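These notes concern the structure reproduced below.
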Amino acid sequence: MAAQEEIEKSSAGPGSVEPVPESTNDTDSKKEEGDPYLVTWNGSDDPEHPYNWPFFRKWAITILLSNGGLVTLMSGAMLAPALESISADLGTGEEETQIFLSIFVLAFAFGPMVLSPLAEVFGRRPVWILSSCFYILWNTVAGFSHSPGLMIASRILSGIGASAEFAITNPVLSDCWIPSQRGVSFTISTFIPLLGPAIGPIIGGAVSQSIGWRWTFWILSIYDGLLVLIAIFLFRETYEVIILNRRAAKLRESTGNPYYTKAQGASETLASRVGGALTRPIRLLLTQPILQLVGFFLAYNFGILYLVLSTFATLWIERYGQTQTQSGLNYIALVIGYTIAAQVGGRLMDRLWSYLKAKAGNNTAPEYRVPLMIPGAILIPLGLFIYGWTAERHTHWIVPDVGIAILGCGIINNTQSLQAYVMDAYREYVASASAASQFLRSITGFAFPIFAPAMYQALGYGWGNSVLALTFVVIGWPAPFLLWRYGATLRAMGKAQR
């Protein structure tokens with residue numbers, strides 16, 4: 001598999017975009033002429049292709065999914081201020097109570113490995129809606145828990161449902177938005193979810209102190225239920241394979257002729273497609289060197305972030321003497337960093353893409369997403385140093401908040417670049433490829449916080465964060481060079497999948 005390139009018509013406007021799917025290249029055109037029953041797109045301006053949908057419809061779906069992402073991120077953040085109350089009610093120790101929070105993140109590793117391939121067989125819409133209903137059920141059960149066992153089980157299961165955010169959102173963006181608009185789509189799709197880490201602790205603290213910690217679960221279930229009702233009417237299927245399969249089915253029903261699509265051969269059964277799809281994420285992870293490398297970088301990024309955040313509230317309460325509500329306000333600094341990175345980085349990503357595309361004679365490659373990793377690679381260790389040493393020396397609260405904002409900015413910069421790289425490199429199976437690349441990051445997001453208290457107790461915030469920063473320099477600084485220089489070679493080494 002040679003380095004994948006995509007050629008776009010530079011004169012194409014929003015209403016007439018050349019889709020990447022099946023009918024636009026010469027080979028497909030010849031096949032269509034030779035086989036009248038092969039169903040493909042009706043040219044580059046086919047109105048049923050999501051690239052050619054009205055902008056209002058694309059933005060509506062993008063904003064809907066971003067609200068689903070808000071629910072996912074708030075489900076962890078809202079619980080943090082309530083852990084002490086939960087511990088008292090359920091009779092658990094500090095370590096067991098911490099599991100109630102972190103086990104939710106662990107579910108993010110395994111949920112997309114199943115949900116993503118199902119989205120490539122049955123479509124994005126039904127998987128998102130059913131996963132959201134599954135989340136609502138078990139998140140509601142968590143609010144009724146009177147034993148640690150039921151709490152842990154319901155948190156795992158609700159986390160699997162909530163992981164639809166990581167399984168569906170990026171594939172939908174890839175379905176709807178052309179590569180030159182992908183950065184702008186990121187600015188909107190990430191803006192609302194990134195409010196979760198800030199408003200989650202604030203709302204969670206207020207709710208748990210006023211009407212009880214159980215309502216931290218039930219409020220989110222009610223909100224997600226409203227999103228599901230909206231999705232039933234608003235969320236149209238975006239996956240081109242499903243859209244074409246439905247077109248073929250209508251033609252078969254109306255004509256009696258054996259119409260079919262490339263993705264679903266005339267003799268292929270549903271069982272064979274489901275079986276192949278369910279193993280695809282793990283096959284991609286095991287056979288694609290580039291996904292292994294991207295997954296490793298994402299894993300360390302998120303491991304650092306979750307390690308730092310696991311002790312963030314404790315810092316303000318124990319070292320700075322703040323109340324639970326006051327400590328929650330410090331998360332606003334983190335979200336400011338997230339938001340700056342998402343809004344500025346997304347637009348810069350599109351500008352860099354257009355510049356590099358023009359410089360390469362209108363040719364494109366996934367490596368054009370890599371340059372945006374450079375500022376992220378600088379900001380992450382810088383933020384760790386500032387946050388760690390100012391917290392260690394009990395500097396005024398604004399300075400550690402500046403450090404955590406810089407760290408959050410760098411994390412989002414790196415993450416956006418790596419996610420866009422995967423979306424461009426694996427267009428046909430973007431859902432499975434995204435799940436494979438994110439698998440390790442959810443594992444480290446769960447595991448790293450386990451040793452955070454011991455590390456900070458032994459080394460302090462200053463040297464503890466310095467170790468994290470120096471390790472990132474060793475791992476993270478070579479990353480942009482490796483992907484830019486050897487990305488195409490690594491992609492070519494990957495074994496072809498179906």
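So you can find residues: chains in the structure tokens are A, B, ... in the order shown, residues in each start at 1, and ligands are numbered from 1 in order.
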Practice task
For segment 465-471 of chain A, work out the shell of residues within 6 Å, counting only C-alpha atoms and skipping chain neighbours fewer than 2 positions away, then give it as a PyMOL selection string.
Solution key: chain A and resi 381+384-385+388+461-463+473-474
File of the preceding selection, C-alpha atoms, as a CSV table (one decimal), in the first residue's frame:
chain,number,residue,atom,x,y,z
A,381,PRO,CA,6.5,20.0,28.9
A,384,LEU,CA,4.2,20.7,33.2
A,385,PHE,CA,7.2,22.6,34.4
A,388,GLY,CA,4.6,21.6,38.9
A,461,TYR,CA,4.8,18.4,42.4
A,462,GLY,CA,8.0,20.0,41.1
A,463,TRP,CA,10.2,17.0,40.5
A,473,VAL,CA,10.7,15.4,25.6
A,474,VAL,CA,12.3,12.1,24.9
Report as an mmCIF file with C-alpha atoms, in the first residue's frame all protein, DNA and RNA residues lying within 12 Å of Tyr387 of chain A, evaluated on only C-alpha atoms, omitting residues in the same chain fewer than 5 positions from it.
data_model
loop_
_atom_site.group_PDB
_atom_site.id
_atom_site.type_symbol
_atom_site.label_atom_id
_atom_site.label_comp_id
_atom_site.auth_asym_id
_atom_site.auth_seq_id
_atom_site.Cartn_x
_atom_site.Cartn_y
_atom_site.Cartn_z
ATOM 1 C CA VAL A 308 -2.109 15.348 36.495
ATOM 2 C CA LEU A 309 -5.894 15.784 36.682
ATOM 3 C CA PHE A 312 -5.712 18.482 40.555
ATOM 4 C CA LEU A 315 -3.853 20.238 45.234
ATOM 5 C CA ALA A 333 -8.125 27.401 33.317
ATOM 6 C CA LEU A 334 -7.807 23.960 31.772
ATOM 7 C CA LEU A 379 3.659 23.464 25.169
ATOM 8 C CA ILE A 380 3.180 20.140 26.993
ATOM 9 C CA PRO A 381 6.528 20.044 28.870
ATOM 10 C CA LEU A 382 6.403 23.833 29.365
ATOM 11 C CA GLU A 392 5.447 22.995 44.757
ATOM 12 C CA ARG A 393 6.410 26.477 45.966
ATOM 13 C CA HIS A 394 2.827 27.485 46.733
ATOM 14 C CA THR A 395 2.904 30.367 44.256
ATOM 15 C CA HIS A 396 -0.261 32.448 43.812
ATOM 16 C CA TRP A 397 -3.075 30.267 42.436
ATOM 17 C CA ILE A 398 -3.148 32.023 39.059
ATOM 18 C CA VAL A 399 0.317 30.739 38.097
ATOM 19 C CA PRO A 400 -0.393 26.986 38.434
ATOM 20 C CA ASP A 401 -3.625 27.661 36.531
ATOM 21 C CA VAL A 402 -1.589 29.238 33.721
ATOM 22 C CA GLY A 403 0.597 26.136 33.672
ATOM 23 C CA ILE A 404 -2.376 23.748 33.482
ATOM 24 C CA ALA A 405 -3.887 25.875 30.696
ATOM 25 C CA ILE A 406 -0.646 25.633 28.683
ATOM 26 C CA LEU A 407 -0.576 21.859 29.255
ATOM 27 C CA GLY A 408 -4.192 21.502 28.090
ATOM 28 C CA GLY A 460 6.578 16.432 45.133
ATOM 29 C CA TYR A 461 4.785 18.392 42.423
ATOM 30 C CA GLY A 462 7.969 20.006 41.120
ATOM 31 C CA TRP A 463 10.189 16.989 40.501
ATOM 32 C CA GLY A 464 7.197 14.761 39.783
ATOM 33 C CA ASN A 465 6.070 16.948 36.890
ATOM 34 C CA SER A 466 9.677 17.422 35.800
ATOM 35 C CA LEU A 468 6.834 13.665 33.250
ATOM 36 C CA ALA A 469 8.059 16.628 31.197
#
Practice task
Just give me the gap between atom CA of Ala360 of chain A and atom CA of Met423 of chain A in Å, one decimal is fine.
Solution key: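 Distance between the two atoms: 20.1 Å.
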Handout entry: Point-to-point distance in Å for atom CA of Asp46 of chain A and atom CA of Arg351 of chain A
Key =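 Separation between atom CA of Arg351 of chain A and atom CA of Asp46 of chain A: 27.1 Å.
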Problem - Point-to-point distance in Å for atom CA of Ala342 of chain A and atom CA of Asn413 of chain A - result: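 Result for atom CA of Asn413 of chain A versus atom CA of Ala342 of chain A: 7.1 Å, one decimal.
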Counting only C-alpha atoms, what is within 12 Å of Phe439 of chain A, bar same-chain residues fewer than 3 positions away, as a CSV table (one decimal) with N, CA and C atoms, in the first residue's frame?
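Result file is result.csv:
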chain,number,residue,atom,x,y,z
A,105,VAL,N,-13.2,5.6,32.7
A,105,VAL,CA,-12.3,5.9,31.6
A,105,VAL,C,-11.8,4.6,31.0
A,106,LEU,N,-11.6,3.5,31.8
A,106,LEU,CA,-11.2,2.3,31.2
A,106,LEU,C,-12.1,1.7,30.2
A,107,ALA,N,-13.4,1.9,30.4
A,107,ALA,CA,-14.4,1.5,29.5
A,107,ALA,C,-14.2,2.1,28.1
A,108,PHE,N,-13.6,3.3,28.0
A,108,PHE,CA,-13.4,4.0,26.8
A,108,PHE,C,-12.5,3.2,25.9
A,109,ALA,N,-11.6,2.3,26.5
A,109,ALA,CA,-10.7,1.5,25.6
A,109,ALA,C,-11.4,0.4,24.9
A,110,PHE,N,-12.4,-0.2,25.5
A,110,PHE,CA,-13.0,-1.4,24.9
A,110,PHE,C,-14.3,-1.1,24.2
A,111,GLY,N,-15.0,-0.1,24.6
A,111,GLY,CA,-16.3,0.3,23.9
A,111,GLY,C,-16.1,0.5,22.4
A,112,PRO,N,-15.2,1.4,22.0
A,112,PRO,CA,-15.0,1.7,20.6
A,112,PRO,C,-14.5,0.5,19.8
A,113,MET,N,-13.9,-0.4,20.4
A,113,MET,CA,-13.4,-1.6,19.7
A,113,MET,C,-14.5,-2.5,19.2
A,114,VAL,N,-15.7,-2.3,19.8
A,114,VAL,CA,-16.9,-3.0,19.3
A,114,VAL,C,-17.8,-2.0,18.6
A,116,SER,N,-17.2,0.8,17.0
A,116,SER,CA,-16.7,1.4,15.7
A,116,SER,C,-17.0,0.4,14.6
A,163,SER,N,-18.8,5.7,25.4
A,163,SER,CA,-17.6,5.7,24.5
A,163,SER,C,-18.1,5.8,23.1
A,166,PHE,N,-16.3,8.5,21.2
A,166,PHE,CA,-15.0,8.3,20.6
A,166,PHE,C,-15.1,7.3,19.4
A,167,ALA,N,-16.2,6.6,19.3
A,167,ALA,CA,-16.4,5.6,18.2
A,167,ALA,C,-17.0,6.3,17.0
A,281,PRO,N,-10.8,-3.6,14.1
A,281,PRO,CA,-9.9,-2.7,14.9
A,281,PRO,C,-8.7,-3.4,15.5
A,282,ILE,N,-8.8,-4.6,16.0
A,282,ILE,CA,-7.7,-5.3,16.6
A,282,ILE,C,-6.7,-5.7,15.5
A,284,LEU,N,-6.3,-4.1,12.6
A,284,LEU,CA,-5.6,-2.9,12.3
A,284,LEU,C,-4.5,-2.5,13.3
A,285,LEU,N,-4.8,-2.7,14.5
A,285,LEU,CA,-3.8,-2.3,15.6
A,285,LEU,C,-2.6,-3.2,15.5
A,286,LEU,N,-2.8,-4.5,15.2
A,286,LEU,CA,-1.7,-5.5,15.1
A,286,LEU,C,-0.9,-5.4,13.8
A,291,LEU,N,-0.4,3.0,12.9
A,291,LEU,CA,-1.4,3.1,14.0
A,291,LEU,C,-0.8,2.8,15.4
A,292,GLN,N,0.1,1.9,15.4
A,292,GLN,CA,0.8,1.5,16.6
A,292,GLN,C,1.6,2.7,17.1
A,294,VAL,N,1.1,6.0,16.3
A,294,VAL,CA,0.1,7.1,16.7
A,294,VAL,C,-0.5,6.7,18.0
A,295,GLY,N,-0.9,5.5,18.2
A,295,GLY,CA,-1.5,5.0,19.4
A,295,GLY,C,-0.6,5.2,20.6
A,296,PHE,N,0.7,5.0,20.4
A,296,PHE,CA,1.7,5.1,21.5
A,296,PHE,C,1.8,6.6,21.9
A,297,PHE,N,1.9,7.5,20.9
A,297,PHE,CA,2.0,8.9,21.2
A,297,PHE,C,0.7,9.4,21.9
A,298,LEU,N,-0.5,9.0,21.4
A,298,LEU,CA,-1.7,9.4,22.1
A,298,LEU,C,-1.8,8.8,23.5
A,299,ALA,N,-1.3,7.6,23.7
A,299,ALA,CA,-1.3,7.0,25.0
A,299,ALA,C,-0.5,7.8,26.0
A,300,TYR,N,0.7,8.3,25.7
A,300,TYR,CA,1.5,9.0,26.6
A,300,TYR,C,0.8,10.4,26.9
A,302,PHE,N,-2.4,11.2,26.8
A,302,PHE,CA,-3.5,11.1,27.7
A,302,PHE,C,-3.1,10.6,29.1
A,432,SER,N,-13.0,2.1,12.6
A,432,SER,CA,-12.1,1.1,13.2
A,432,SER,C,-10.7,1.6,13.4
A,433,ALA,N,-10.2,2.4,12.5
A,433,ALA,CA,-8.8,2.9,12.6
A,433,ALA,C,-8.7,3.8,13.8
A,434,SER,N,-9.8,4.7,14.0
A,434,SER,CA,-9.8,5.6,15.1
A,434,SER,C,-9.9,4.8,16.4
A,435,ALA,N,-10.7,3.8,16.5
A,435,ALA,CA,-10.8,3.0,17.7
A,435,ALA,C,-9.5,2.3,18.0
A,436,ALA,N,-8.8,1.8,17.0
A,436,ALA,CA,-7.5,1.1,17.2
A,436,ALA,C,-6.5,2.1,17.8
A,442,SER,N,-6.8,5.1,26.3
A,442,SER,CA,-7.7,4.9,27.4
A,442,SER,C,-7.2,4.0,28.5
A,443,ILE,N,-6.3,3.1,28.1
A,443,ILE,CA,-5.6,2.2,29.1
A,443,ILE,C,-4.7,3.1,30.0
A,444,THR,N,-3.9,3.9,29.4
A,444,THR,CA,-3.0,4.8,30.2
A,444,THR,C,-3.8,5.8,31.0
A,445,GLY,N,-5.0,6.3,30.4
A,445,GLY,CA,-5.8,7.2,31.1
A,445,GLY,C,-6.4,6.6,32.4
A,446,PHE,N,-6.6,5.3,32.4
A,446,PHE,CA,-7.0,4.6,33.6
A,446,PHE,C,-5.8,4.3,34.5
Listing only residues of segment 66-128 of chain A within 9 Å of segment 188-204 of chain A, what is the closest atom pair and its distance in Å (to one decimal) for each, using only C-alpha atoms, sorted by chain and residue number ascending, as a tab-separated table?
residue	atom	partner	partner_atom	distance
A:Ser66	CA	A:Ser189	CA	4.9
A:Asn67	CA	A:Ile192	CA	6.3
A:Gly68	CA	A:Pro193	CA	7.7
A:Gly69	CA	A:Pro193	CA	4.9
A:Leu70	CA	A:Pro193	CA	3.8
A:Val71	CA	A:Gly196	CA	7.5
A:Thr72	CA	A:Pro193	CA	7.9
A:Leu73	CA	A:Gly196	CA	5.3
A:Met74	CA	A:Gly196	CA	4.7
A:Ser75	CA	A:Gly200	CA	7.7
A:Gly76	CA	A:Gly200	CA	8.0
A:Ala77	CA	A:Gly200	CA	4.9
A:Met78	CA	A:Gly200	CA	4.2
A:Leu79	CA	A:Gly204	CA	6.2
A:Ala80	CA	A:Pro201	CA	6.5
A:Pro81	CA	A:Pro201	CA	6.1
A:Ala82	CA	A:Gly204	CA	6.6
Problem - Nearest residue to Tyr306 of chain A from the set A:Ala231, A:Met455, A:Ala447, A:Ile243 (distances using only C-alpha atoms) - result: A:Ala447
Problem - Residue among A:Glu237, A:Trp484, A:Gly183, A:Leu418 lying closest to Arg347 of chain A, counting only C-alpha atoms - result: A:Gly183
Handout entry: Proximity to Asn414 of chain A - best of A:Gln209, A:Ser180, A:Ser354, A:Asn301, only C-alpha atoms
Key =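 Going through A:Gln209, A:Ser180, A:Ser354, A:Asn301 one by one, the smallest distance to Asn414 of chain A is for A:Asn301.
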Exercise for the section: Considering only C-alpha atoms, state which residue in the set A:Asn170, A:Gln416, A:Ala488, A:Ile374 is at the smallest distance from Gly476 of chain A. Expected result: A:Ile374
Practice task
Going by DSSP on the backbone, which bits of segment 132-215 of chain A are alpha helix (DSSP H)? Write them as number ranges by chain, please.
Solution key: A: 132-143, 148-162, 164-176, 182-191, 196-210, 214-215
Practice task
Pick out the residues sitting within 12 Å of Ser174 of chain A, and hand them over as a ChimeraX atom specification; count only C-alpha atoms, and ignore anything fewer than 5 positions along from it in its own chain.
Solution key: /A:19-21,50-51,58,62,124,168-169,179-183,185-186,189,238-240,419-431,434
